[in-house]
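Report on the structure given below.
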Amino acid sequence: MGQWKAPFGLEQLTPDNTIYTIERSLPTGALTPQNWTEVIGALLPEGAIVSDEANTSGLMIPMTTAGAPPHDVLTITGGAIGQGLPVATGAAVASPDRPVVCLQADGSAMYTASALWTMAREGLNVTTVLLNNRAYAILRMELSRVGAEATGPKAAELLDLSTPDLDFVQLSQGMGVPASRATTAEELAEQFAKALAEPGPHLIEAMVPPLL
């Protein structure tokens with residue numbers, strides 16, 4: 001029997017009945033579009049339901065969660081945005097005995113932010129990681145795909161989510177959901193683990209740079 005130590009005890013059984021514990025080390029440093037997904041992949045609990053609307057900030061999620069414990073993923077299926085928070089709410093109502101993790105882009109969150117109030121009202125076990133890159137980066141990507149990226153400053157402002165900056169910690173707290181902010185991988189890991197361990201809804205505003 002071959003076995004090596006790992007911080008998160010993710011055991012895999014090979015065809016010859018050899019048990020391996022896969023090591024999932026945590027990243028460090030300022031948050032990036034990649035390392036925040038590595039934190040989620042390392043700490044995602046078994047049986048979790050993931051509502052994924054991280055959009056451009058979450059392109060690495062399928063790869064970094066591939067070795068995580070068994071979980072279900074509910075993700076965006078078309079060009080519309082805004083489904084992440086409501087889907088997480090519905091998943092928590094339907095499966096109150098399972099942890100729900102919502103990976104939510106900032107621009108999309110503005111379409112359905114009232115779902116946070118519902119989470120608080122119903123005491124739902126939803127941990128939301130709100131990716132704040134202060135941009136509608138998904139729309140920038142779509143413009144690039146159709147060759148319309150050469151826009152003027154006024155058009156560019158339409159895809160910007162600053163001036164004023166959105167403060168999702170205050171927005172979440174105002175709707176009754178405890179919230180915190182993470183700027184580093186270490187902070188995100190600590191806050192994510194804490195939120196998963198406590199009942200009820202929580203939101204973590206993860207400050208990440210835009211991909212585009």
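Ligands are numbered from 1 in the order shown, chains are lettered A, B, ... in the order of the structure tokens, and residues start at 1 in each chain.
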
Residue contacts of Ala68 of chain A (7 Å, only C-alpha atoms) excluding same-chain residues fewer than 4 positions away, as a ChimeraX atom specification | /A:41-42,44

Excluding same-chain residues fewer than 4 positions from Val177 of chain A, what lies within 6 Å of it counting only C-alpha atoms, as a PyMOL selection string?
-> chain A and resi 120+172-173+201-202

12 Å contact set for Ser108 of chain A, only C-alpha atoms, chain neighbours under 4 positions out, as a PyMOL selection string | chain A and resi 52-57+76+79-86+103-104+112-113+130-139+161

For Ala88 of chain A, work out the shell of residues within 8 Å, counting only C-alpha atoms and skipping chain neighbours fewer than 4 positions away, then give it as a PDB file with N, CA and C atoms, in the first residue's frame.
ATOM      1  N   VAL A  50     -21.906  23.355  -6.564  1.00  0.00           N
ATOM      2  CA  VAL A  50     -21.237  24.581  -7.002  1.00  0.00           C
ATOM      3  C   VAL A  50     -22.090  25.277  -8.053  1.00  0.00           C
ATOM      4  N   SER A  51     -22.514  26.488  -7.752  1.00  0.00           N
ATOM      5  CA  SER A  51     -23.165  27.337  -8.737  1.00  0.00           C
ATOM      6  C   SER A  51     -22.090  28.248  -9.316  1.00  0.00           C
ATOM      7  N   GLY A  84     -26.126  33.029 -11.265  1.00  0.00           N
ATOM      8  CA  GLY A  84     -25.339  32.389 -10.218  1.00  0.00           C
ATOM      9  C   GLY A  84     -25.949  32.419  -8.832  1.00  0.00           C
ATOM     10  N   ALA A  92     -29.662  25.439  -2.449  1.00  0.00           N
ATOM     11  CA  ALA A  92     -29.654  25.338  -0.985  1.00  0.00           C
ATOM     12  C   ALA A  92     -31.034  25.002  -0.436  1.00  0.00           C
ATOM     13  N   VAL A 100     -23.438  24.528  -0.276  1.00  0.00           N
ATOM     14  CA  VAL A 100     -23.551  25.161  -1.596  1.00  0.00           C
ATOM     15  C   VAL A 100     -22.499  26.257  -1.700  1.00  0.00           C
ATOM     16  N   VAL A 101     -21.756  26.233  -2.791  1.00  0.00           N
ATOM     17  CA  VAL A 101     -20.719  27.225  -3.047  1.00  0.00           C
ATOM     18  C   VAL A 101     -21.086  27.974  -4.320  1.00  0.00           C
ATOM     19  N   CYS A 102     -21.208  29.282  -4.214  1.00  0.00           N
ATOM     20  CA  CYS A 102     -21.532  30.114  -5.368  1.00  0.00           C
ATOM     21  C   CYS A 102     -20.292  30.890  -5.787  1.00  0.00           C
ATOM     22  N   VAL A 126     -25.139  28.861   2.030  1.00  0.00           N
ATOM     23  CA  VAL A 126     -24.484  29.225   0.770  1.00  0.00           C
ATOM     24  C   VAL A 126     -23.250  30.059   1.074  1.00  0.00           C
TER      25      VAL A 126
END

For atom CA of Pro199 of chain A and atom CA of Asp106 of chain A, quote the distance in Å rounded to one decimal.
->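 Separation between atom CA of Pro199 of chain A and atom CA of Asp106 of chain A: 23.9 Å.
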
Atom CA of Ala66 of chain A to atom CA of Asn35 of chain A measures 14.7 Å
